[in-house]
file data24.pdb (PDB, C-alpha atoms)
ATOM      1  CA  MET A  20       0.000   0.000   0.000  1.00  0.00           C
ATOM      2  CA  SER A  21       1.029   3.591  -0.487  1.00  0.00           C
ATOM      3  CA  ASP A  22       2.554   5.490   2.430  1.00  0.00           C
ATOM      4  CA  ASN A  23      -0.520   7.637   3.035  1.00  0.00           C
ATOM      5  CA  ILE A  24      -2.753   4.558   3.269  1.00  0.00           C
ATOM      6  CA  SER A  25      -0.444   2.469   5.426  1.00  0.00           C
ATOM      7  CA  ALA A  26      -0.176   5.374   7.861  1.00  0.00           C
ATOM      8  CA  ARG A  27      -3.904   5.011   8.542  1.00  0.00           C
ATOM      9  CA  VAL A  28      -3.960   1.230   8.949  1.00  0.00           C
ATOM     10  CA  HIS A  29      -5.107   0.219  12.429  1.00  0.00           C
ATOM     11  CA  PRO A  30      -2.766  -2.253  14.191  1.00  0.00           C
ATOM     12  CA  LEU A  31      -5.646  -4.676  14.777  1.00  0.00           C
ATOM     13  CA  GLY A  32      -6.108  -5.246  11.050  1.00  0.00           C
ATOM     14  CA  PHE A  33      -8.624  -2.609  10.026  1.00  0.00           C
ATOM     15  CA  TYR A  34      -8.085   0.249   7.579  1.00  0.00           C
ATOM     16  CA  GLY A  35      -9.155   2.660  10.315  1.00  0.00           C
ATOM     17  CA  ALA A  36     -10.582   2.232  13.799  1.00  0.00           C
ATOM     18  CA  GLY A  37     -12.782  -0.690  12.802  1.00  0.00           C
ATOM     19  CA  LEU A  38     -16.222  -0.898  14.394  1.00  0.00           C
ATOM     20  CA  PRO A  39     -15.515   0.745  17.771  1.00  0.00           C
ATOM     21  CA  TYR A  40     -18.436  -0.878  19.577  1.00  0.00           C
ATOM     22  CA  LEU A  41     -17.177  -4.404  18.824  1.00  0.00           C
ATOM     23  CA  SER A  42     -14.452  -6.337  20.588  1.00  0.00           C
ATOM     24  CA  HIS A  43     -11.399  -6.833  18.340  1.00  0.00           C
ATOM     25  CA  ASP A  44      -9.989  -9.938  19.965  1.00  0.00           C
ATOM     26  CA  GLY A  45      -8.488 -11.576  16.912  1.00  0.00           C
ATOM     27  CA  TYR A  46      -9.843 -13.803  14.159  1.00  0.00           C
ATOM     28  CA  SER A  47      -8.704 -17.306  13.305  1.00  0.00           C
ATOM     29  CA  GLY A  48     -10.378 -17.274   9.882  1.00  0.00           C
ATOM     30  CA  LYS A  49      -9.127 -15.729   6.657  1.00  0.00           C
ATOM     31  CA  LEU A  50     -10.698 -13.167   4.323  1.00  0.00           C
ATOM     32  CA  ILE A  51     -10.302 -13.597   0.565  1.00  0.00           C
ATOM     33  CA  VAL A  52     -11.624 -10.833  -1.690  1.00  0.00           C
ATOM     34  CA  ILE A  53     -12.314 -11.158  -5.413  1.00  0.00           C
ATOM     35  CA  GLU A  54     -12.708  -7.773  -7.093  1.00  0.00           C
ATOM     36  CA  GLY A  55     -13.558  -6.697 -10.619  1.00  0.00           C
ATOM     37  CA  ALA A  56     -16.189  -5.069 -12.776  1.00  0.00           C
ATOM     38  CA  ASP A  57     -19.696  -6.407 -13.260  1.00  0.00           C
ATOM     39  CA  CYS A  58     -19.586  -9.491 -15.545  1.00  0.00           C
ATOM     40  CA  SER A  59     -15.860  -9.981 -14.932  1.00  0.00           C
ATOM     41  CA  GLY A  60     -16.520 -13.523 -13.705  1.00  0.00           C
ATOM     42  CA  ARG A  61     -16.216 -12.866  -9.966  1.00  0.00           C
ATOM     43  CA  SER A  62     -19.357 -14.721  -8.913  1.00  0.00           C
ATOM     44  CA  THR A  63     -18.499 -17.792 -10.983  1.00  0.00           C
ATOM     45  CA  GLN A  64     -14.964 -17.864  -9.600  1.00  0.00           C
ATOM     46  CA  THR A  65     -16.233 -17.350  -6.036  1.00  0.00           C
ATOM     47  CA  ALA A  66     -18.640 -20.303  -6.329  1.00  0.00           C
ATOM     48  CA  LEU A  67     -15.961 -22.592  -7.806  1.00  0.00           C
ATOM     49  CA  LEU A  68     -13.416 -21.529  -5.199  1.00  0.00           C
ATOM     50  CA  LYS A  69     -15.866 -22.144  -2.353  1.00  0.00           C
ATOM     51  CA  GLN A  70     -16.645 -25.620  -3.706  1.00  0.00           C
ATOM     52  CA  TRP A  71     -12.951 -26.461  -4.039  1.00  0.00           C
ATOM     53  CA  LEU A  72     -12.035 -25.231  -0.564  1.00  0.00           C
ATOM     54  CA  GLU A  73     -14.922 -27.110   1.039  1.00  0.00           C
ATOM     55  CA  TYR A  74     -13.941 -30.282  -0.821  1.00  0.00           C
ATOM     56  CA  ASN A  75     -10.477 -29.883   0.712  1.00  0.00           C
ATOM     57  CA  GLY A  76     -11.877 -29.704   4.221  1.00  0.00           C
ATOM     58  CA  HIS A  77     -12.203 -25.952   4.846  1.00  0.00           C
ATOM     59  CA  ALA A  78     -15.243 -24.249   6.337  1.00  0.00           C
ATOM     60  CA  VAL A  79     -16.186 -21.492   3.885  1.00  0.00           C
ATOM     61  CA  ALA A  80     -18.660 -18.605   3.931  1.00  0.00           C
ATOM     62  CA  ASP A  81     -19.296 -16.251   1.043  1.00  0.00           C
ATOM     63  CA  THR A  82     -20.594 -12.713   0.900  1.00  0.00           C
ATOM     64  CA  GLY A  83     -20.861  -9.822  -1.531  1.00  0.00           C
ATOM     65  CA  ILE A  84     -22.238  -6.389  -2.217  1.00  0.00           C
ATOM     66  CA  LYS A  85     -25.909  -5.663  -1.527  1.00  0.00           C
ATOM     67  CA  ARG A  86     -26.635  -8.772   0.526  1.00  0.00           C
ATOM     68  CA  SER A  87     -27.494  -7.064   3.789  1.00  0.00           C
ATOM     69  CA  ASP A  88     -30.850  -8.023   5.268  1.00  0.00           C
ATOM     70  CA  LEU A  89     -31.019  -4.469   6.587  1.00  0.00           C
ATOM     71  CA  VAL A  90     -30.761  -2.309   3.442  1.00  0.00           C
ATOM     72  CA  ALA A  91     -30.352  -4.458   0.309  1.00  0.00           C
ATOM     73  CA  GLY A  92     -34.024  -4.099  -0.575  1.00  0.00           C
ATOM     74  CA  VAL A  93     -33.881  -0.360   0.088  1.00  0.00           C
ATOM     75  CA  ILE A  94     -30.998   0.020  -2.380  1.00  0.00           C
ATOM     76  CA  ASP A  95     -32.905  -1.870  -5.078  1.00  0.00           C
ATOM     77  CA  LYS A  96     -35.990   0.297  -4.638  1.00  0.00           C
ATOM     78  CA  ALA A  97     -33.948   3.502  -4.597  1.00  0.00           C
ATOM     79  CA  LYS A  98     -32.070   2.583  -7.775  1.00  0.00           C
ATOM     80  CA  ASP A  99     -35.228   1.642  -9.670  1.00  0.00           C
ATOM     81  CA  GLY A 100     -36.140   5.310 -10.073  1.00  0.00           C
ATOM     82  CA  ASN A 101     -32.676   6.258 -11.406  1.00  0.00           C
ATOM     83  CA  VAL A 102     -32.812   9.454  -9.333  1.00  0.00           C
ATOM     84  CA  LEU A 103     -30.604   8.459  -6.397  1.00  0.00           C
ATOM     85  CA  GLY A 104     -28.101  11.119  -5.316  1.00  0.00           C
ATOM     86  CA  LYS A 105     -24.453  10.037  -5.374  1.00  0.00           C
ATOM     87  CA  THR A 106     -23.837  10.702  -1.662  1.00  0.00           C
ATOM     88  CA  THR A 107     -27.019   8.884  -0.648  1.00  0.00           C
ATOM     89  CA  LEU A 108     -26.053   5.948  -2.880  1.00  0.00           C
ATOM     90  CA  SER A 109     -22.581   5.833  -1.339  1.00  0.00           C
ATOM     91  CA  LEU A 110     -23.900   5.865   2.221  1.00  0.00           C
ATOM     92  CA  LEU A 111     -26.509   3.196   1.503  1.00  0.00           C
ATOM     93  CA  TYR A 112     -23.853   0.850   0.150  1.00  0.00           C
ATOM     94  CA  ALA A 113     -21.577   1.664   3.089  1.00  0.00           C
ATOM     95  CA  THR A 114     -24.424   0.751   5.450  1.00  0.00           C
ATOM     96  CA  ASP A 115     -24.981  -2.498   3.554  1.00  0.00           C
ATOM     97  CA  PHE A 116     -21.301  -3.376   3.879  1.00  0.00           C
ATOM     98  CA  ALA A 117     -21.109  -2.423   7.579  1.00  0.00           C
ATOM     99  CA  ASP A 118     -24.119  -4.597   8.395  1.00  0.00           C
ATOM    100  CA  GLN A 119     -22.596  -7.587   6.606  1.00  0.00           C
ATOM    101  CA  LEU A 120     -19.200  -7.006   8.211  1.00  0.00           C
ATOM    102  CA  GLU A 121     -20.688  -6.992  11.701  1.00  0.00           C
ATOM    103  CA  ASN A 122     -23.245  -9.766  11.315  1.00  0.00           C
ATOM    104  CA  LYS A 123     -21.768 -12.098   8.694  1.00  0.00           C
ATOM    105  CA  ILE A 124     -18.074 -11.581   7.965  1.00  0.00           C
ATOM    106  CA  LEU A 125     -16.627 -11.051  11.453  1.00  0.00           C
ATOM    107  CA  PRO A 126     -18.652 -13.840  13.126  1.00  0.00           C
ATOM    108  CA  ALA A 127     -17.541 -16.267  10.404  1.00  0.00           C
ATOM    109  CA  LEU A 128     -13.901 -15.230  10.806  1.00  0.00           C
ATOM    110  CA  ARG A 129     -14.119 -15.634  14.575  1.00  0.00           C
ATOM    111  CA  ALA A 130     -15.439 -19.152  14.004  1.00  0.00           C
ATOM    112  CA  GLY A 131     -12.419 -19.981  11.845  1.00  0.00           C
ATOM    113  CA  PHE A 132     -14.123 -19.861   8.444  1.00  0.00           C
ATOM    114  CA  ILE A 133     -12.483 -18.790   5.218  1.00  0.00           C
ATOM    115  CA  VAL A 134     -14.701 -15.951   3.993  1.00  0.00           C
ATOM    116  CA  ILE A 135     -14.775 -15.225   0.257  1.00  0.00           C
ATOM    117  CA  ALA A 136     -16.093 -11.761  -0.611  1.00  0.00           C
ATOM    118  CA  ASP A 137     -17.472 -11.324  -4.118  1.00  0.00           C
ATOM    119  CA  ARG A 138     -16.478  -7.628  -4.232  1.00  0.00           C
ATOM    120  CA  TYR A 139     -15.528  -5.502  -1.246  1.00  0.00           C
ATOM    121  CA  ILE A 140     -15.095  -1.825  -0.399  1.00  0.00           C
ATOM    122  CA  PHE A 141     -12.913  -1.257  -3.468  1.00  0.00           C
ATOM    123  CA  THR A 142     -15.791  -1.613  -5.933  1.00  0.00           C
ATOM    124  CA  LEU A 143     -17.801   0.812  -3.828  1.00  0.00           C
ATOM    125  CA  MET A 144     -14.977   3.355  -3.755  1.00  0.00           C
ATOM    126  CA  VAL A 145     -14.308   2.995  -7.492  1.00  0.00           C
ATOM    127  CA  ARG A 146     -17.957   3.632  -8.325  1.00  0.00           C
ATOM    128  CA  ASP A 147     -18.069   6.628  -5.996  1.00  0.00           C
ATOM    129  CA  MET A 148     -14.835   8.145  -7.309  1.00  0.00           C
ATOM    130  CA  VAL A 149     -16.103   7.913 -10.883  1.00  0.00           C
ATOM    131  CA  ARG A 150     -19.121   9.869  -9.655  1.00  0.00           C
ATOM    132  CA  GLY A 151     -16.928  12.576  -8.146  1.00  0.00           C
ATOM    133  CA  ALA A 152     -16.403  11.468  -4.555  1.00  0.00           C
ATOM    134  CA  ASP A 153     -13.146  12.404  -2.859  1.00  0.00           C
ATOM    135  CA  ARG A 154     -10.804   9.443  -2.275  1.00  0.00           C
ATOM    136  CA  ASP A 155      -9.691  10.652   1.168  1.00  0.00           C
ATOM    137  CA  TRP A 156     -13.335  10.963   2.259  1.00  0.00           C
ATOM    138  CA  LEU A 157     -14.071   7.438   1.011  1.00  0.00           C
ATOM    139  CA  GLU A 158     -11.058   5.921   2.757  1.00  0.00           C
ATOM    140  CA  GLU A 159     -12.189   7.637   5.957  1.00  0.00           C
ATOM    141  CA  LEU A 160     -15.749   6.401   5.437  1.00  0.00           C
ATOM    142  CA  PHE A 161     -14.620   2.798   4.960  1.00  0.00           C
ATOM    143  CA  GLY A 162     -12.054   2.894   7.741  1.00  0.00           C
ATOM    144  CA  PHE A 163     -14.164   0.338   9.622  1.00  0.00           C
ATOM    145  CA  ALA A 164     -13.361  -2.300   6.975  1.00  0.00           C
ATOM    146  CA  LEU A 165     -11.218  -5.293   7.861  1.00  0.00           C
ATOM    147  CA  ILE A 166      -8.041  -5.643   5.788  1.00  0.00           C
ATOM    148  CA  PRO A 167      -8.363  -8.796   3.627  1.00  0.00           C
ATOM    149  CA  ASP A 168      -5.705 -11.494   3.787  1.00  0.00           C
ATOM    150  CA  VAL A 169      -5.567 -11.346  -0.016  1.00  0.00           C
ATOM    151  CA  THR A 170      -7.414  -9.406  -2.714  1.00  0.00           C
ATOM    152  CA  PHE A 171      -7.632 -10.758  -6.255  1.00  0.00           C
ATOM    153  CA  TYR A 172      -8.541  -8.394  -9.090  1.00  0.00           C
ATOM    154  CA  LEU A 173     -10.015  -9.823 -12.298  1.00  0.00           C
ATOM    155  CA  GLN A 174      -8.897  -7.350 -14.925  1.00  0.00           C
ATOM    156  CA  LEU A 175     -10.904  -7.014 -18.165  1.00  0.00           C
ATOM    157  CA  PRO A 176     -11.030  -4.245 -20.784  1.00  0.00           C
ATOM    158  CA  SER A 177     -14.365  -2.529 -21.484  1.00  0.00           C
ATOM    159  CA  GLU A 178     -14.845  -4.187 -24.891  1.00  0.00           C
ATOM    160  CA  VAL A 179     -14.725  -7.659 -23.298  1.00  0.00           C
ATOM    161  CA  LEU A 180     -17.106  -6.540 -20.537  1.00  0.00           C
ATOM    162  CA  LEU A 181     -19.505  -5.191 -23.183  1.00  0.00           C
ATOM    163  CA  HIS A 182     -19.610  -8.585 -24.897  1.00  0.00           C
ATOM    164  CA  ARG A 183     -20.149 -10.378 -21.580  1.00  0.00           C
ATOM    165  CA  HIS A 184     -22.953  -8.046 -20.559  1.00  0.00           C
ATOM    166  CA  PHE A 185     -24.887  -8.875 -23.710  1.00  0.00           C
ATOM    167  CA  GLN A 186     -24.032 -12.542 -23.406  1.00  0.00           C
ATOM    168  CA  LYS A 187     -25.327 -12.640 -19.830  1.00  0.00           C
ATOM    169  CA  ARG A 188     -28.269 -10.211 -19.910  1.00  0.00           C
ATOM    170  CA  GLY A 189     -28.982  -9.308 -23.511  1.00  0.00           C
ATOM    171  CA  PHE A 190     -28.957  -5.599 -22.637  1.00  0.00           C
ATOM    172  CA  LEU A 191     -26.910  -2.888 -20.931  1.00  0.00           C
ATOM    173  CA  GLU A 192     -27.847  -1.904 -17.394  1.00  0.00           C
ATOM    174  CA  TYR A 193     -28.424   1.792 -16.567  1.00  0.00           C
ATOM    175  CA  TRP A 194     -26.050   2.130 -13.605  1.00  0.00           C
ATOM    176  CA  GLU A 195     -23.292  -0.123 -14.967  1.00  0.00           C
ATOM    177  CA  SER A 196     -23.337   1.990 -18.121  1.00  0.00           C
ATOM    178  CA  GLY A 197     -22.875   5.197 -16.133  1.00  0.00           C
ATOM    179  CA  MET A 198     -25.961   6.760 -17.672  1.00  0.00           C
ATOM    180  CA  ASP A 199     -26.537   8.765 -14.497  1.00  0.00           C
ATOM    181  CA  LEU A 200     -23.276  10.624 -15.254  1.00  0.00           C
ATOM    182  CA  SER A 201     -24.433  11.988 -18.633  1.00  0.00           C
ATOM    183  CA  LEU A 202     -21.240  10.775 -20.292  1.00  0.00           C
ATOM    184  CA  SER A 203     -23.092  10.238 -23.572  1.00  0.00           C
ATOM    185  CA  THR A 204     -26.648   9.935 -24.819  1.00  0.00           C
ATOM    186  CA  ASP A 205     -25.584   6.692 -26.492  1.00  0.00           C
ATOM    187  CA  MET A 206     -25.620   3.840 -23.981  1.00  0.00           C
ATOM    188  CA  PHE A 207     -22.847   1.925 -25.756  1.00  0.00           C
ATOM    189  CA  GLU A 208     -20.536   4.932 -25.674  1.00  0.00           C
ATOM    190  CA  SER A 209     -21.491   5.706 -22.072  1.00  0.00           C
ATOM    191  CA  PHE A 210     -20.756   2.102 -21.073  1.00  0.00           C
ATOM    192  CA  ASN A 211     -17.282   2.195 -22.613  1.00  0.00           C
ATOM    193  CA  ARG A 212     -16.442   5.536 -21.039  1.00  0.00           C
ATOM    194  CA  TYR A 213     -17.763   4.532 -17.629  1.00  0.00           C
ATOM    195  CA  GLN A 214     -15.989   1.174 -17.574  1.00  0.00           C
ATOM    196  CA  SER A 215     -12.738   2.809 -18.741  1.00  0.00           C
ATOM    197  CA  MET A 216     -12.982   5.277 -15.854  1.00  0.00           C
ATOM    198  CA  CYS A 217     -13.602   2.400 -13.439  1.00  0.00           C
ATOM    199  CA  TRP A 218     -10.600   0.570 -14.935  1.00  0.00           C
ATOM    200  CA  ASP A 219      -8.335   3.547 -14.158  1.00  0.00           C
ATOM    201  CA  HIS A 220      -9.399   3.617 -10.506  1.00  0.00           C
ATOM    202  CA  PHE A 221      -9.159  -0.151 -10.109  1.00  0.00           C
ATOM    203  CA  GLU A 222      -5.609   0.021 -11.463  1.00  0.00           C
ATOM    204  CA  GLU A 223      -4.819   2.734  -8.922  1.00  0.00           C
ATOM    205  CA  PHE A 224      -6.204   0.645  -6.072  1.00  0.00           C
ATOM    206  CA  ALA A 225      -4.493  -2.495  -7.356  1.00  0.00           C
ATOM    207  CA  SER A 226      -1.159  -0.754  -6.895  1.00  0.00           C
ATOM    208  CA  ASP A 227      -1.932   1.012  -3.616  1.00  0.00           C
ATOM    209  CA  TYR A 228      -3.643  -1.930  -1.907  1.00  0.00           C
ATOM    210  CA  ASP A 229      -1.435  -4.728  -3.252  1.00  0.00           C
ATOM    211  CA  PHE A 230      -4.023  -6.621  -5.289  1.00  0.00           C
ATOM    212  CA  VAL A 231      -3.096  -9.847  -7.044  1.00  0.00           C
ATOM    213  CA  THR A 232      -4.088  -8.897 -10.602  1.00  0.00           C
ATOM    214  CA  LEU A 233      -5.287 -11.701 -12.869  1.00  0.00           C
ATOM    215  CA  ASP A 234      -6.223 -11.657 -16.547  1.00  0.00           C
ATOM    216  CA  GLY A 235      -9.986 -12.122 -16.317  1.00  0.00           C
ATOM    217  CA  ALA A 236     -10.450 -12.396 -20.088  1.00  0.00           C
ATOM    218  CA  ARG A 237      -9.210 -15.992 -20.058  1.00  0.00           C
ATOM    219  CA  SER A 238     -11.449 -19.039 -19.760  1.00  0.00           C
ATOM    220  CA  VAL A 239     -13.205 -19.832 -16.481  1.00  0.00           C
ATOM    221  CA  ASP A 240     -10.971 -22.879 -15.957  1.00  0.00           C
ATOM    222  CA  GLU A 241      -7.754 -20.922 -16.547  1.00  0.00           C
ATOM    223  CA  VAL A 242      -8.702 -18.172 -14.081  1.00  0.00           C
ATOM    224  CA  GLN A 243      -9.824 -20.732 -11.502  1.00  0.00           C
ATOM    225  CA  ALA A 244      -6.567 -22.665 -11.837  1.00  0.00           C
ATOM    226  CA  ASP A 245      -4.650 -19.437 -11.254  1.00  0.00           C
ATOM    227  CA  LEU A 246      -6.724 -18.609  -8.158  1.00  0.00           C
ATOM    228  CA  ARG A 247      -6.255 -22.087  -6.723  1.00  0.00           C
ATOM    229  CA  ALA A 248      -2.510 -21.971  -7.292  1.00  0.00           C
ATOM    230  CA  HIS A 249      -2.230 -18.648  -5.439  1.00  0.00           C
ATOM    231  CA  ILE A 250      -4.461 -19.798  -2.575  1.00  0.00           C
ATOM    232  CA  THR A 251      -2.670 -23.131  -2.226  1.00  0.00           C
ATOM    233  CA  ARG A 252       0.550 -21.212  -1.573  1.00  0.00           C
ATOM    234  CA  LEU A 253      -1.231 -18.888   0.845  1.00  0.00           C
ATOM    235  CA  LEU A 254      -2.787 -21.774   2.772  1.00  0.00           C
ATOM    236  CA  GLU A 255       0.707 -23.029   3.552  1.00  0.00           C
ATOM    237  CA  THR A 256       1.699 -19.659   4.992  1.00  0.00           C
ATOM    238  CA  TRP A 257      -1.556 -19.419   6.996  1.00  0.00           C
ATOM    239  CA  LYS A 258      -0.939 -22.651   8.927  1.00  0.00           C
TER     240      LYS A 258
END

call {"tool": "encode", "arguments": {"input": "data24.pdb", "output": "structure tokens"}}
result
Amino acid sequence: MSDNISARVHPLGFYGAGLPYLSHDGYSGKLIVIEGADCSGRSTQTALLKQWLEYNGHAVADTGIKRSDLVAGVIDKAKDGNVLGKTTLSLLYATDFADQLENKILPALRAGFIVIADRYIFTLMVRDMVRGADRDWLEELFGFALIPDVTFYLQLPSEVLLHRHFQKRGFLEYWESGMDLSLSTDMFESFNRYQSMCWDHFEEFASDYDFVTLDGARSVDEVQADLRAHITRLLETWK
């Protein structure tokens, strides 16, 4: 991580003060994060990785963005109208993440589980920065986040993501095309511009937060083999 980030890292393993009302008495589990754009293959890789780890005798829990019982439904309803303010959107997602961290991720880590996160705070910060949020403010906001044991980043160019979006959904989604930013009246052009902007910020975070960057444009089996090879080495160091 860069000097300015590492200076803010809490000694107990959080990027800031953590959740101050919780006891930080150590965690025997491990946190694996898989980051990348929508349709980069994260969810497929997470499911395969979970299956493989469980087959090899590990207790595994998985999580991801917008899975909080508290606010996930609220986010969906708010986004349906396409009128959500950028600060409100950011705070809703931060609330979703905080609820999952407290009630799902940390309890699983205390119980010795390997937790696989299908996206983490980095996706949230990338999306917010593209929409004009200040990076320092975001890093302060997400200072309660636990530092992962490893973060993998599935890197794909916008033209590959465009193809995958149509392959998966048959259409382009409003928010993932950045239409709220008025980048272009043409959704295809807006998608490419938005995803290119996200790419730039992901690359910045990959360097500053020591991501393991993988070529996500390869086949599912090739990416999974790469993930397993990395994690096999890490499992040895975690013993």

call {"tool": "atom_distance", "arguments": {"input": "data24.pdb", "atom1": "CA of Gly35 in chain A", "atom2": "CA of Phe163 in chain A"}}
result
5.6 Å

call {"tool": "closest_residue", "arguments": {"input": "data24.pdb", "among": "A:Trp218, A:Lys85, A:Glu192, A:Ala80", "to": "Arg129 in chain A", "atoms": "all atoms listed in the file"}}
result
A:Ala80

call {"tool": "residues_around", "arguments": {"input": "data24.pdb", "residues": "Gly83 in chain A", "least_positions_apart": "3", "cutoff": "10 Å", "atoms": "only C-alpha atoms", "output": "PyMOL selection string"}}
result
chain A and resi 52-53+62+65+86-87+115-116+119+135-140

call {"tool": "residues_around", "arguments": {"input": "data24.pdb", "residues": "Asn211 in chain A", "least_positions_apart": "3", "cutoff": "12 Å", "atoms": "only C-alpha atoms", "output": "NGL selection string"}}
result
:A and (176-182 or 184 or 191 or 195-198 or 202-203 or 205-208 or 214-218)

call {"tool": "write_last_selection", "arguments": {"input": "data24.pdb", "atoms": "C-alpha atoms", "output": "JSON list (two decimals), keeping the file's coordinate frame"}}
result
[["chain", "number", "residue", "atom", "x", "y", "z"],
["A", 176, "PRO", "CA", -11.03, -4.24, -20.78],
["A", 177, "SER", "CA", -14.36, -2.53, -21.48],
["A", 178, "GLU", "CA", -14.84, -4.19, -24.89],
["A", 179, "VAL", "CA", -14.72, -7.66, -23.30],
["A", 180, "LEU", "CA", -17.11, -6.54, -20.54],
["A", 181, "LEU", "CA", -19.50, -5.19, -23.18],
["A", 182, "HIS", "CA", -19.61, -8.59, -24.90],
["A", 184, "HIS", "CA", -22.95, -8.05, -20.56],
["A", 191, "LEU", "CA", -26.91, -2.89, -20.93],
["A", 195, "GLU", "CA", -23.29, -0.12, -14.97],
["A", 196, "SER", "CA", -23.34, 1.99, -18.12],
["A", 197, "GLY", "CA", -22.88, 5.20, -16.13],
["A", 198, "MET", "CA", -25.96, 6.76, -17.67],
["A", 202, "LEU", "CA", -21.24, 10.78, -20.29],
["A", 203, "SER", "CA", -23.09, 10.24, -23.57],
["A", 205, "ASP", "CA", -25.58, 6.69, -26.49],
["A", 206, "MET", "CA", -25.62, 3.84, -23.98],
["A", 207, "PHE", "CA", -22.85, 1.92, -25.76],
["A", 208, "GLU", "CA", -20.54, 4.93, -25.67],
["A", 214, "GLN", "CA", -15.99, 1.17, -17.57],
["A", 215, "SER", "CA", -12.74, 2.81, -18.74],
["A", 216, "MET", "CA", -12.98, 5.28, -15.85],
["A", 217, "CYS", "CA", -13.60, 2.40, -13.44],
["A", 218, "TRP", "CA", -10.60, 0.57, -14.94]]

call {"tool": "closest_atom_pairs", "arguments": {"input": "data24.pdb", "of": "range 49-73 of chain A", "to": "range 235-254 of chain A", "cutoff": "8 Å", "atoms": "all atoms listed in the file", "output": "tab-separated table"}}
result
residue	atom	partner	partner_atom	distance
A:Ser59	CA	A:Gly235	CA	6.4
A:Gly60	CA	A:Gly235	CA	7.2
A:Thr63	CA	A:Val239	CA	7.9
A:Gln64	CA	A:Gln243	CA	6.2
A:Leu67	CA	A:Gln243	CA	7.4
A:Leu68	CA	A:Gln243	CA	7.3

call {"tool": "closest_residue", "arguments": {"input": "data24.pdb", "among": "A:Asp147, A:Asp199, A:Asp227, A:Glu255", "to": "Thr170 in chain A", "atoms": "only C-alpha atoms"}}
result
A:Asp227

call {"tool": "atom_distance", "arguments": {"input": "data24.pdb", "atom1": "CA of Phe224 in chain A", "atom2": "CA of Lys105 in chain A"}}
result
20.5 Å

call {"tool": "atom_distance", "arguments": {"input": "data24.pdb", "atom1": "CA of Trp257 in chain A", "atom2": "CA of Lys49 in chain A"}}
result
8.4 Å

call {"tool": "residues_around", "arguments": {"input": "data24.pdb", "residues": "Ala113 in chain A", "least_positions_apart": "3", "cutoff": "9 Å", "atoms": "all atoms listed in the file", "output": "MDAnalysis selection string"}}
result
chainID A and resid 108:110 116:118 140 143 160:161

call {"tool": "closest_residue", "arguments": {"input": "data24.pdb", "among": "A:Leu128, A:Val231, A:Ala164, A:Leu200", "to": "Tyr46 in chain A", "atoms": "all atoms listed in the file"}}
result
A:Leu128

call {"tool": "closest_residue", "arguments": {"input": "data24.pdb", "among": "A:Lys187, A:Lys69, A:His77, A:His220", "to": "Met144 in chain A", "atoms": "only C-alpha atoms"}}
result
A:His220

call {"tool": "axis_aligned_box", "arguments": {"input": "data24.pdb", "around": "range 196-205 of chain A", "padding_each_side": "6 Å", "output": "lines of an AutoDock Vina configuration file"}}
result
center_x = -23.9
center_y = 7.0
center_z = -20.5
size_x = 17.4
size_y = 22.0
size_z = 24.0

call {"tool": "closest_residue", "arguments": {"input": "data24.pdb", "among": "A:Glu121, A:Leu111, A:Trp71, A:Met148", "to": "Pro39 in chain A", "atoms": "only C-alpha atoms"}}
result
A:Glu121
